[in-house]
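S.K.: This is start01.cif (mmCIF, C-alpha atoms (C1' of nucleotides)).
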data_entry
loop_
_atom_site.label_atom_id
_atom_site.label_comp_id
_atom_site.auth_asym_id
_atom_site.auth_seq_id
_atom_site.Cartn_x
_atom_site.Cartn_y
_atom_site.Cartn_z
CA MET A 28 0.00 0.00 0.00
CA GLY A 29 1.14 3.57 0.07
CA LYS A 30 -0.74 3.80 -3.20
CA ARG A 31 -3.93 4.75 -1.41
CA GLY A 32 -3.36 8.41 -2.13
CA SER A 33 -3.14 7.75 -5.86
CA TYR A 34 -6.37 5.80 -5.96
CA ALA A 35 -8.15 8.51 -4.09
CA LYS A 36 -6.79 11.14 -6.42
CA SER A 37 -7.77 9.18 -9.48
CA GLU A 38 -11.27 8.69 -8.16
CA ALA A 39 -11.58 12.38 -7.43
CA ARG A 40 -10.35 13.23 -10.91
CA ARG A 41 -12.77 10.85 -12.57
CA ASP A 42 -15.61 12.26 -10.60
CA SER A 43 -14.59 15.82 -11.33
CA ILE A 44 -14.37 15.09 -15.05
CA LEU A 45 -17.79 13.44 -15.05
CA ARG A 46 -19.44 16.30 -13.22
CA THR A 47 -17.83 18.81 -15.54
CA ALA A 48 -19.00 16.82 -18.56
CA LEU A 49 -22.52 16.70 -17.17
CA GLU A 50 -22.62 20.44 -16.74
CA VAL A 51 -21.00 21.23 -20.04
CA ILE A 52 -23.47 19.05 -21.94
CA ASP A 53 -26.39 20.53 -20.03
CA THR A 54 -25.39 24.07 -20.82
CA GLU A 55 -23.76 23.75 -24.23
CA GLY A 56 -25.70 20.92 -25.79
CA TYR A 57 -24.75 17.63 -27.34
CA ALA A 58 -22.11 19.27 -29.52
CA ALA A 59 -20.12 19.82 -26.34
CA ALA A 60 -20.01 16.09 -25.71
CA SER A 61 -16.59 15.84 -27.33
CA VAL A 62 -13.50 14.70 -25.50
CA THR A 63 -11.69 17.87 -26.42
CA ARG A 64 -14.39 20.16 -25.06
CA ILE A 65 -14.86 18.16 -21.88
CA ALA A 66 -11.11 18.03 -21.29
CA GLU A 67 -10.82 21.76 -21.80
CA ALA A 68 -13.63 22.46 -19.36
CA ALA A 69 -12.19 20.05 -16.81
CA GLY A 70 -8.80 21.71 -17.05
CA LEU A 71 -6.70 18.94 -18.51
CA SER A 72 -5.65 17.62 -21.87
CA LYS A 73 -7.60 15.31 -24.13
CA THR A 74 -5.15 12.54 -23.38
CA GLY A 75 -5.48 13.23 -19.70
CA VAL A 76 -9.20 12.58 -19.83
CA LEU A 77 -8.76 9.46 -21.90
CA HIS A 78 -6.24 8.18 -19.41
CA HIS A 79 -9.09 7.85 -16.94
CA PHE A 80 -11.80 6.56 -19.29
CA GLU A 81 -9.93 4.94 -22.20
CA THR A 82 -12.49 5.77 -24.87
CA LYS A 83 -15.07 8.41 -25.53
CA GLU A 84 -17.89 5.88 -25.44
CA LYS A 85 -16.90 4.65 -21.99
CA LEU A 86 -16.63 8.22 -20.76
CA LEU A 87 -20.11 9.09 -22.01
CA THR A 88 -21.53 5.90 -20.56
CA GLU A 89 -20.24 6.98 -17.17
CA VAL A 90 -21.76 10.41 -17.67
CA LEU A 91 -25.13 8.76 -18.18
CA ARG A 92 -24.60 6.54 -15.16
CA LEU A 93 -23.89 9.59 -13.01
CA ARG A 94 -26.96 11.37 -14.36
CA ASP A 95 -29.05 8.34 -13.44
CA GLU A 96 -27.67 8.39 -9.91
CA LEU A 97 -28.54 12.04 -9.50
CA ASP A 98 -32.02 11.51 -10.93
CA GLU A 99 -32.76 8.36 -9.01
CA SER A 100 -33.29 9.98 -5.64
CA GLY A 101 -36.98 10.07 -6.48
CA PHE A 102 -38.13 6.67 -7.58
CA ALA A 103 -35.58 4.53 -5.82
CA ASP A 104 -37.85 4.32 -2.79
CA PRO A 105 -39.22 0.78 -2.58
CA THR A 106 -42.17 1.85 -0.48
CA ALA A 107 -43.34 4.52 -2.90
CA SER A 108 -46.95 4.66 -4.01
CA LEU A 109 -48.03 4.95 -7.60
CA GLY A 110 -48.62 8.64 -7.04
CA ASP A 111 -45.10 9.05 -5.67
CA LEU A 112 -43.71 7.26 -8.69
CA GLU A 113 -45.65 9.48 -11.04
CA ALA A 114 -44.51 12.64 -9.30
CA ALA A 115 -40.85 11.59 -9.26
CA TYR A 116 -41.00 10.36 -12.83
CA LEU A 117 -42.59 13.49 -14.20
CA LYS A 118 -40.12 15.61 -12.31
CA VAL A 119 -37.23 13.92 -14.07
CA VAL A 120 -38.85 14.19 -17.49
CA GLU A 121 -39.73 17.81 -16.88
CA ARG A 122 -36.14 18.57 -16.03
CA ASN A 123 -34.95 16.69 -19.12
CA ALA A 124 -37.22 18.88 -21.22
CA ARG A 125 -34.87 21.72 -20.42
CA ILE A 126 -31.64 19.95 -21.38
CA PRO A 127 -31.82 18.74 -24.98
CA GLY A 128 -28.11 17.99 -24.96
CA MET A 129 -28.43 15.34 -22.31
CA VAL A 130 -31.53 13.85 -23.90
CA GLU A 131 -29.74 13.68 -27.22
CA LEU A 132 -26.74 12.01 -25.62
CA PHE A 133 -29.00 9.48 -23.95
CA THR A 134 -30.95 8.75 -27.12
CA ARG A 135 -27.92 8.46 -29.36
CA LEU A 136 -26.09 6.19 -26.94
CA SER A 137 -29.24 4.08 -26.54
CA VAL A 138 -29.22 3.35 -30.23
CA GLU A 139 -25.47 2.77 -30.50
CA ALA A 140 -25.57 0.49 -27.47
CA THR A 141 -27.98 -1.70 -29.36
CA ASP A 142 -24.90 -3.43 -30.72
CA PRO A 143 -23.97 -6.23 -28.27
CA ASP A 144 -20.31 -5.30 -28.65
CA HIS A 145 -20.82 -1.69 -27.63
CA PRO A 146 -19.28 -0.82 -24.24
CA ALA A 147 -22.61 0.57 -23.04
CA HIS A 148 -24.67 -2.46 -24.05
CA ASP A 149 -24.68 -4.07 -20.63
CA PHE A 150 -25.24 -0.76 -18.92
CA PHE A 151 -28.45 -0.14 -20.85
CA LEU A 152 -29.64 -3.73 -20.49
CA ARG A 153 -29.21 -3.52 -16.75
CA ARG A 154 -30.58 -0.01 -16.51
CA GLU A 155 -33.79 -0.85 -18.29
CA ALA A 156 -34.23 -4.03 -16.30
CA ASP A 157 -33.61 -2.28 -12.97
CA ILE A 158 -35.88 0.68 -13.55
CA GLY A 159 -38.50 -1.55 -15.12
CA ARG A 160 -38.48 -3.86 -12.13
CA ARG A 161 -38.85 -0.99 -9.70
CA ILE A 162 -41.79 0.45 -11.59
CA ALA A 163 -43.40 -2.97 -11.86
CA GLU A 164 -43.06 -3.46 -8.10
CA THR A 165 -44.78 -0.19 -7.38
CA VAL A 166 -47.60 -1.06 -9.78
CA GLU A 167 -47.83 -4.50 -8.24
CA ARG A 168 -48.17 -2.99 -4.78
CA HIS A 169 -50.77 -0.60 -6.05
CA LEU A 170 -52.77 -3.54 -7.34
CA ASP A 171 -52.58 -5.23 -3.94
CA GLU A 172 -54.51 -2.40 -2.44
CA ARG A 173 -57.33 -2.74 -4.95
CA HIS A 174 -57.68 -5.68 -7.28
CA ARG A 175 -55.20 -7.83 -9.14
CA GLY A 176 -55.23 -9.47 -12.53
CA ALA A 177 -56.40 -6.55 -14.60
CA VAL A 178 -53.01 -5.68 -16.06
CA GLU A 179 -49.55 -7.22 -15.80
CA PRO A 180 -47.21 -4.84 -13.92
CA ASP A 181 -44.32 -5.77 -16.22
CA ALA A 182 -46.29 -4.67 -19.26
CA VAL A 183 -47.12 -1.35 -17.64
CA ALA A 184 -43.48 -0.76 -16.77
CA LEU A 185 -42.29 -1.66 -20.26
CA LEU A 186 -44.86 0.63 -21.85
CA LEU A 187 -44.01 3.51 -19.58
CA LEU A 188 -40.29 3.26 -20.30
CA ALA A 189 -40.80 2.80 -24.03
CA ALA A 190 -43.20 5.72 -24.23
CA THR A 191 -40.70 7.90 -22.38
CA ASP A 192 -37.85 7.03 -24.73
CA GLY A 193 -40.06 7.45 -27.76
CA LEU A 194 -41.31 10.81 -26.54
CA GLN A 195 -37.78 12.02 -25.97
CA MET A 196 -36.82 11.00 -29.49
CA ARG A 197 -39.85 12.74 -30.85
CA TRP A 198 -39.18 15.83 -28.75
CA LEU A 199 -35.68 16.09 -30.20
CA LEU A 200 -37.28 16.06 -33.64
CA ASP A 201 -39.96 18.55 -32.68
CA PRO A 202 -39.38 20.57 -29.49
CA GLU A 203 -43.01 21.71 -29.57
CA ILE A 204 -44.04 18.35 -28.18
CA ASP A 205 -45.04 18.47 -24.52
CA MET A 206 -43.49 15.33 -23.08
CA THR A 207 -44.66 15.96 -19.56
CA ALA A 208 -48.28 16.43 -20.61
CA ALA A 209 -48.19 13.28 -22.71
CA LEU A 210 -46.78 11.21 -19.85
CA ALA A 211 -49.22 12.71 -17.40
CA THR A 212 -51.98 11.53 -19.72
CA LEU A 213 -50.48 8.07 -19.81
CA PHE A 214 -50.39 7.94 -16.01
CA ARG A 215 -53.99 9.08 -15.93
CA ILE A 216 -54.94 6.26 -18.29
CA PHE A 217 -53.03 3.73 -16.22
CA ASP A 218 -54.77 4.97 -13.12
CA ALA A 219 -58.18 4.67 -14.73
CA VAL A 220 -57.52 1.05 -15.67
CA LEU A 221 -55.79 0.02 -12.47
CA ASP A 222 -58.46 1.61 -10.32
CA GLY A 223 -61.32 0.37 -12.45
CA PRO A 224 -63.60 -2.53 -11.58
CA PRO A 225 -61.87 -5.91 -11.37
CA GLN A 226 -61.71 -7.84 -14.60
CA ASP A 227 -63.95 -10.91 -14.76
CA MET B 28 -38.35 17.61 -74.54
CA GLY B 29 -36.72 14.71 -76.18
CA LYS B 30 -35.64 13.83 -72.67
CA ARG B 31 -38.92 12.17 -71.75
CA GLY B 32 -37.48 8.71 -72.24
CA SER B 33 -34.63 9.54 -69.89
CA TYR B 34 -36.95 10.69 -67.15
CA ALA B 35 -38.96 7.51 -67.37
CA LYS B 36 -35.82 5.43 -67.35
CA SER B 37 -34.40 7.33 -64.44
CA GLU B 38 -37.63 6.88 -62.50
CA ALA B 39 -37.59 3.17 -63.18
CA ARG B 40 -33.98 2.94 -62.07
CA ARG B 41 -34.64 4.82 -58.84
CA ASP B 42 -37.55 2.57 -58.07
CA SER B 43 -35.60 -0.55 -58.83
CA ILE B 44 -32.73 0.58 -56.61
CA LEU B 45 -35.10 1.37 -53.75
CA ARG B 46 -36.85 -1.99 -53.95
CA THR B 47 -33.53 -3.77 -54.10
CA ALA B 48 -32.31 -1.83 -51.08
CA LEU B 49 -35.47 -2.70 -49.18
CA GLU B 50 -35.05 -6.38 -49.83
CA VAL B 51 -31.33 -6.41 -49.15
CA ILE B 52 -31.78 -4.70 -45.77
CA ASP B 53 -34.66 -7.02 -44.86
CA THR B 54 -32.66 -10.14 -45.58
CA GLU B 55 -29.11 -9.09 -44.71
CA GLY B 56 -29.65 -6.64 -41.89
CA TYR B 57 -28.61 -3.09 -41.25
CA ALA B 58 -24.99 -3.80 -42.15
CA ALA B 59 -26.21 -4.22 -45.73
CA ALA B 60 -27.47 -0.64 -45.74
CA SER B 61 -24.25 0.56 -47.35
CA VAL B 62 -24.18 2.23 -50.71
CA THR B 63 -21.69 -0.32 -51.98
CA ARG B 64 -23.81 -3.32 -51.05
CA ILE B 65 -27.02 -1.83 -52.38
CA ALA B 66 -25.33 -0.86 -55.63
CA GLU B 67 -23.94 -4.34 -56.03
CA ALA B 68 -27.33 -5.94 -55.45
CA ALA B 69 -29.00 -3.51 -57.83
CA GLY B 70 -26.45 -4.27 -60.52
CA LEU B 71 -24.70 -0.95 -60.86
CA SER B 72 -21.78 0.95 -59.38
CA LYS B 73 -21.69 2.97 -56.21
CA THR B 74 -21.40 6.10 -58.29
CA GLY B 75 -24.34 4.97 -60.35
CA VAL B 76 -26.52 4.73 -57.28
CA LEU B 77 -25.33 8.04 -55.91
CA HIS B 78 -26.05 9.63 -59.26
CA HIS B 79 -29.73 8.99 -58.60
CA PHE B 80 -29.81 9.86 -54.89
CA GLU B 81 -26.82 12.17 -54.31
CA THR B 82 -26.05 11.04 -50.77
CA LYS B 83 -26.43 7.92 -48.72
CA GLU B 84 -28.74 9.67 -46.32
CA LYS B 85 -31.13 10.75 -49.06
CA LEU B 86 -31.12 7.24 -50.48
CA LEU B 87 -31.99 5.70 -47.12
CA THR B 88 -34.67 8.30 -46.53
CA GLU B 89 -36.32 7.23 -49.76
CA VAL B 90 -36.05 3.59 -48.69
CA LEU B 91 -37.98 4.45 -45.55
CA ARG B 92 -40.53 6.41 -47.54
CA LEU B 93 -41.12 3.41 -49.80
CA ARG B 94 -41.46 1.10 -46.80
CA ASP B 95 -44.07 3.42 -45.36
CA GLU B 96 -46.02 3.34 -48.61
CA LEU B 97 -46.03 -0.43 -48.63
CA ASP B 98 -47.05 -0.60 -44.97
CA GLU B 99 -49.69 2.05 -45.17
CA SER B 100 -52.27 0.03 -47.03
CA GLY B 101 -53.74 -0.86 -43.64
CA PHE B 102 -54.28 2.30 -41.67
CA ALA B 103 -54.67 4.76 -44.50
CA ASP B 104 -58.40 4.07 -44.59
CA PRO B 105 -60.18 7.15 -43.23
CA THR B 106 -63.29 5.17 -42.35
CA ALA B 107 -61.47 2.59 -40.27
CA SER B 108 -62.68 1.74 -36.80
CA LEU B 109 -60.43 1.60 -33.77
CA GLY B 110 -60.40 -2.18 -34.08
CA ASP B 111 -59.31 -1.90 -37.72
CA LEU B 112 -56.56 0.49 -36.74
CA GLU B 113 -55.34 -1.84 -34.03
CA ALA B 114 -55.32 -4.83 -36.38
CA ALA B 115 -53.45 -2.97 -39.12
CA TYR B 116 -51.04 -1.41 -36.67
CA LEU B 117 -50.17 -4.66 -34.94
CA LYS B 118 -49.72 -6.36 -38.28
CA VAL B 119 -47.06 -3.84 -39.26
CA VAL B 120 -45.27 -4.10 -35.93
CA GLU B 121 -45.42 -7.86 -36.03
CA ARG B 122 -43.80 -7.87 -39.44
CA ASN B 123 -41.16 -5.43 -38.24
CA ALA B 124 -40.31 -7.83 -35.44
CA ARG B 125 -38.94 -10.13 -38.09
CA ILE B 126 -36.72 -7.58 -39.82
CA PRO B 127 -34.29 -6.05 -37.33
CA GLY B 128 -32.32 -4.46 -40.16
CA MET B 129 -35.20 -2.24 -41.22
CA VAL B 130 -36.08 -1.37 -37.63
CA GLU B 131 -32.48 -0.41 -36.98
CA LEU B 132 -32.36 1.72 -40.10
CA PHE B 133 -35.56 3.47 -39.07
CA THR B 134 -34.39 4.06 -35.52
CA ARG B 135 -30.94 5.29 -36.47
CA LEU B 136 -32.30 7.65 -39.10
CA SER B 137 -34.93 8.89 -36.66
CA VAL B 138 -32.20 10.02 -34.32
CA GLU B 139 -29.93 11.47 -36.98
CA ALA B 140 -32.88 13.33 -38.52
CA THR B 141 -33.33 15.09 -35.23
CA ASP B 142 -30.88 17.63 -36.58
CA PRO B 143 -32.87 20.29 -38.46
CA ASP B 144 -30.21 20.29 -41.17
CA HIS B 145 -30.48 16.59 -41.83
CA PRO B 146 -32.01 15.73 -45.23
CA ALA B 147 -34.56 13.47 -43.57
CA HIS B 148 -35.68 16.03 -40.99
CA ASP B 149 -38.73 17.21 -42.89
CA PHE B 150 -39.62 13.70 -43.91
CA PHE B 151 -39.86 12.56 -40.29
CA LEU B 152 -41.65 15.69 -39.16
CA ARG B 153 -44.28 15.20 -41.82
CA ARG B 154 -44.47 11.45 -41.32
CA GLU B 155 -45.14 11.72 -37.61
CA ALA B 156 -47.69 14.47 -38.13
CA ASP B 157 -49.51 12.54 -40.86
CA ILE B 158 -49.70 9.22 -39.08
CA GLY B 159 -50.51 10.94 -35.80
CA ARG B 160 -53.36 12.84 -37.38
CA ARG B 161 -54.82 9.72 -38.94
CA ILE B 162 -54.71 7.85 -35.66
CA ALA B 163 -56.23 10.80 -33.83
CA GLU B 164 -59.08 10.96 -36.34
CA THR B 165 -59.89 7.32 -35.83
CA VAL B 166 -59.85 7.75 -32.07
CA GLU B 167 -62.00 10.86 -32.43
CA ARG B 168 -64.54 8.94 -34.46
CA HIS B 169 -64.51 6.17 -31.92
CA LEU B 170 -65.32 8.69 -29.23
CA ASP B 171 -68.24 10.02 -31.25
CA GLU B 172 -69.91 6.66 -30.98
CA ARG B 173 -69.63 6.61 -27.20
CA HIS B 174 -68.69 9.63 -25.16
CA ARG B 175 -66.29 12.49 -25.71
CA GLY B 176 -64.05 14.47 -23.41
CA ALA B 177 -62.45 11.60 -21.53
CA VAL B 178 -59.14 11.68 -23.41
CA GLU B 179 -57.70 13.90 -26.12
CA PRO B 180 -57.27 11.96 -29.37
CA ASP B 181 -54.02 13.77 -30.11
CA ALA B 182 -52.54 12.59 -26.83
CA VAL B 183 -53.52 9.01 -27.57
CA ALA B 184 -51.95 9.19 -31.02
CA LEU B 185 -48.75 10.73 -29.70
CA LEU B 186 -48.47 8.11 -26.97
CA LEU B 187 -49.08 5.25 -29.37
CA LEU B 188 -46.43 6.45 -31.80
CA ALA B 189 -43.92 7.19 -29.06
CA ALA B 190 -44.48 3.83 -27.40
CA THR B 191 -43.97 2.09 -30.73
CA ASP B 192 -40.68 3.87 -31.41
CA GLY B 193 -39.49 3.28 -27.87
CA LEU B 194 -40.40 -0.38 -28.03
CA GLN B 195 -38.51 -0.80 -31.27
CA MET B 196 -35.45 0.81 -29.74
CA ARG B 197 -35.75 -1.42 -26.72
CA TRP B 198 -36.28 -4.50 -28.89
CA LEU B 199 -33.05 -3.76 -30.76
CA LEU B 200 -31.31 -3.70 -27.39
CA ASP B 201 -33.04 -6.85 -26.16
CA PRO B 202 -34.73 -9.02 -28.81
CA GLU B 203 -36.50 -10.96 -26.07
CA ILE B 204 -38.97 -8.10 -25.75
CA ASP B 205 -42.38 -8.88 -27.24
CA MET B 206 -43.32 -5.64 -28.97
CA THR B 207 -46.61 -6.92 -30.30
CA ALA B 208 -47.78 -8.09 -26.89
CA ALA B 209 -46.82 -4.79 -25.31
CA LEU B 210 -48.70 -2.79 -27.92
CA ALA B 211 -51.71 -5.08 -27.69
CA THR B 212 -51.75 -4.32 -23.98
CA LEU B 213 -51.61 -0.61 -24.71
CA PHE B 214 -54.56 -0.89 -27.09
CA ARG B 215 -56.45 -2.84 -24.47
CA ILE B 216 -55.81 -0.08 -21.94
CA PHE B 217 -56.88 2.59 -24.42
CA ASP B 218 -60.06 0.64 -25.10
CA ALA B 219 -60.84 0.32 -21.42
CA VAL B 220 -60.56 4.06 -20.93
CA LEU B 221 -62.29 5.13 -24.12
CA ASP B 222 -65.17 2.74 -23.53
CA GLY B 223 -65.45 3.57 -19.87
CA PRO B 224 -68.16 5.74 -18.33
CA PRO B 225 -68.06 9.39 -19.43
CA GLN B 226 -65.96 11.69 -17.32
CA ASP B 227 -67.83 14.26 -15.27
"C1'" DG C 15 -0.10 6.15 -11.61
"C1'" DT C 16 -1.09 10.79 -13.57
"C1'" DC C 17 -0.65 13.47 -17.19
"C1'" DT C 18 1.29 15.99 -21.62
"C1'" DA C 19 3.10 16.15 -26.31
"C1'" DT C 20 2.99 14.48 -30.56
"C1'" DA C 21 1.68 12.07 -34.32
"C1'" DC C 22 -1.67 9.35 -36.83
"C1'" DC C 23 -6.18 8.26 -39.06
"C1'" DG C 24 -10.61 9.30 -41.05
"C1'" DG C 25 -14.17 12.35 -42.37
"C1'" DG C 26 -15.83 16.75 -43.96
"C1'" DA C 27 -15.10 21.36 -45.60
"C1'" DT C 28 -12.67 24.53 -48.52
"C1'" DA C 29 -10.23 26.26 -52.23
"C1'" DG C 30 -7.76 26.25 -56.26
"C1'" DA C 31 -6.30 23.85 -60.90
"C1'" DC C 32 -7.85 22.12 -64.85
"C1'" DG D 30 -18.20 21.02 -63.37
"C1'" DT D 31 -14.93 17.78 -61.63
"C1'" DC D 32 -10.87 16.47 -59.53
"C1'" DT D 33 -7.31 17.08 -56.29
"C1'" DA D 34 -4.66 19.32 -52.66
"C1'" DT D 35 -4.98 21.01 -48.27
"C1'" DC D 36 -6.55 21.84 -43.76
"C1'" DC D 37 -9.26 21.31 -39.63
"C1'" DC D 38 -11.35 18.54 -36.24
"C1'" DG D 39 -12.51 14.64 -33.42
"C1'" DG D 40 -10.93 10.22 -31.63
"C1'" DT D 41 -7.09 7.16 -30.94
"C1'" DA D 42 -2.25 5.22 -30.02
"C1'" DT D 43 2.44 5.80 -28.35
"C1'" DA D 44 6.49 7.85 -25.79
"C1'" DG D 45 7.96 9.86 -22.15
"C1'" DA D 46 8.03 13.53 -18.10
"C1'" DC D 47 6.88 13.86 -13.43
#
For this file, produce the structure as structure tokens.
M.R.:
Amino acid sequence: MGKRGSYAKSEARRDSILRTALEVIDTEGYAAASVTRIAEAAGLSKTGVLHHFETKEKLLTEVLRLRDELDESGFADPTASLGDLEAAYLKVVERNARIPGMVELFTRLSVEATDPDHPAHDFFLRREADIGRRIAETVERHLDERHRGAVEPDAVALLLLAATDGLQMRWLLDPEIDMTAALATLFRIFDAVLDGPPQD
Amino acid sequence: MGKRGSYAKSEARRDSILRTALEVIDTEGYAAASVTRIAEAAGLSKTGVLHHFETKEKLLTEVLRLRDELDESGFADPTASLGDLEAAYLKVVERNARIPGMVELFTRLSVEATDPDHPAHDFFLRREADIGRRIAETVERHLDERHRGAVEPDAVALLLLAATDGLQMRWLLDPEIDMTAALATLFRIFDAVLDGPPQD
DNA sequence: GTCTATACCGGGATAGAC
DNA sequence: GTCTATCCCGGTATAGAC
């Protein structure tokens, strides 16, 4: 040992780079998601940044991971109600609607990561599974309080996530789209079905 | 004048190239969506293909436009019922679930075309508006028969389109996903709400 | 282990030669 | 109008300073 200091420094550097990248992309848009620009903003050279993350793709994957961590505060709660979930979810989407750069980064990486060989492939697979499971659990619990069997929680979770991604893509194409309103409508529809009379 | 024959020939060539491209992508996947491969399959040189379409992006945009034409037979009918729409819609998605190459092309272009300067930007803007309007009209008509005011048709159309795009993206990431089942569930939920008691 | 300098590669834009 | 030369830029690989 005696290397402890180095590890700590490296960790701090990585974190500092990621937070800088996050901010730069938020304020300057997706165009700022270049290694050069991020390095410049973080106060070191391009090579310096790459020393910590190896490739651009890995760096950006970590940026997304950090963003998720910061966003997650809301719907990580396993005891949340459906209303809590909706509120937390809409809050995140509403915030996203002000940072096209980050949404674009997320969407582009989502598509790239479709390739099983892409460094972010596993990240997205896990991410979708994790968030989906948490949503499904909340829906499941909601059903306990009323009546079961009407709708499969997994299907609701999948639809909610897919609709969100699709809306973000569409919003990038046409910023006039009101993502929050559309998702609020979807929640309202879910509510109507989940709270409706039990299926026979 | 005197060039009439050329125009006709050029039109025929364009069409033949597009149909070849469609088939090649369907059978060989997204990797086959290269100008070289398409040219080869269509029996002319790369330059020959580009002579008719200028850039790869414009060529691929036209491929998507042709695919839409071929798919549209189903839900172009302005007198269709909600059930008809659902059947036609699910048929298209079900077919897509067998041709990852075309879905990948569509998804990738969707994201690229997000840029207002992209040659396919207007195409996608118009496409989404057109299909959305048609869906909304069908929903609207469905509401006439029962009760209005419960849900805005435009919101339903937007959600359906967004969910479809999101599901396709997710399916590319994880082919285990059953897109058709998920969309069938969404239709079922829409039905439940639209057929429910009028809102007060 | 952290970081810089430099050079390389590929794509896209630009400009000038023909 | 085309073809080529050149340059810039972003990402990557290597050598070496500290």
S.K.: To one decimal in Å, tell me the separation between CA of Ala58 (chain B) and CA of Val76 (chain B).
M.R.: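 Rounded to one decimal, the two atoms are 17.4 Å apart.
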S.K.: If I take CA of Ser108 (chain A) and CA of Leu185 (chain B), how far is one from the other in Å, to one decimal?
M.R.: 26.5 Å
S.K.: Just need the residues of chain A within 7 Å of chain B, counting all atoms listed in the file, so spit them out as a list in words.
M.R.: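 Within 7 Å of chain B on chain A, we get Arg135, Val138, Thr141, Ala182, Leu186, Ala189, Ala190, Asp192, Gly193, Leu194, Met196, Leu199, Leu200, Ala209, Ile216, Ala219 and Val220 of chain A.
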S.K.: I'd like the neighbourhood of region 115-124 of chain B as a ChimeraX atom specification, where a residue qualifies if any of its atoms comes within 8 Å (using all atoms listed in the file), though same-chain residues fewer than 4 positions away should be ignored.
M.R.: /B:98,101-102,111,129-130,206-207,210-211
S.K.: At what distance in Å, to one decimal, does CA of Arg154 (chain B) lie from CA of Thr106 (chain B)?
M.R.: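 It comes out at 19.9 Å.
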S.K.: Identify all chain C residues at most 10 Å from chain A by counting all atoms listed in the file; ligands do not count. Present them as a VMD selection string.
M.R.: chain C and resid 15 to 19
S.K.: Which residues are close to region 30-46 of chain D, i.e. within 12 Å by all atoms listed in the file, leaving aside same-chain residues fewer than 3 positions away? Reply as a PyMOL selection string.
M.R.: (chain A and resi 58-64+73-74+77-78+81-84) or (chain C and resi 16-32)
S.K.: Do you know which residues are at most 8 Å from region 45-54 of chain B counting only C-alpha atoms (C1' of nucleotides), after dropping those on the same chain fewer than 6 positions away, and could you put them as a list of chain:residue names?
M.R.: B:Ala60, B:Ile65, B:Ala68, B:Ala69, B:Leu86, B:Glu89, B:Val90, B:Leu93, B:Arg94, B:Ile126, B:Pro127, B:Gly128, B:Met129
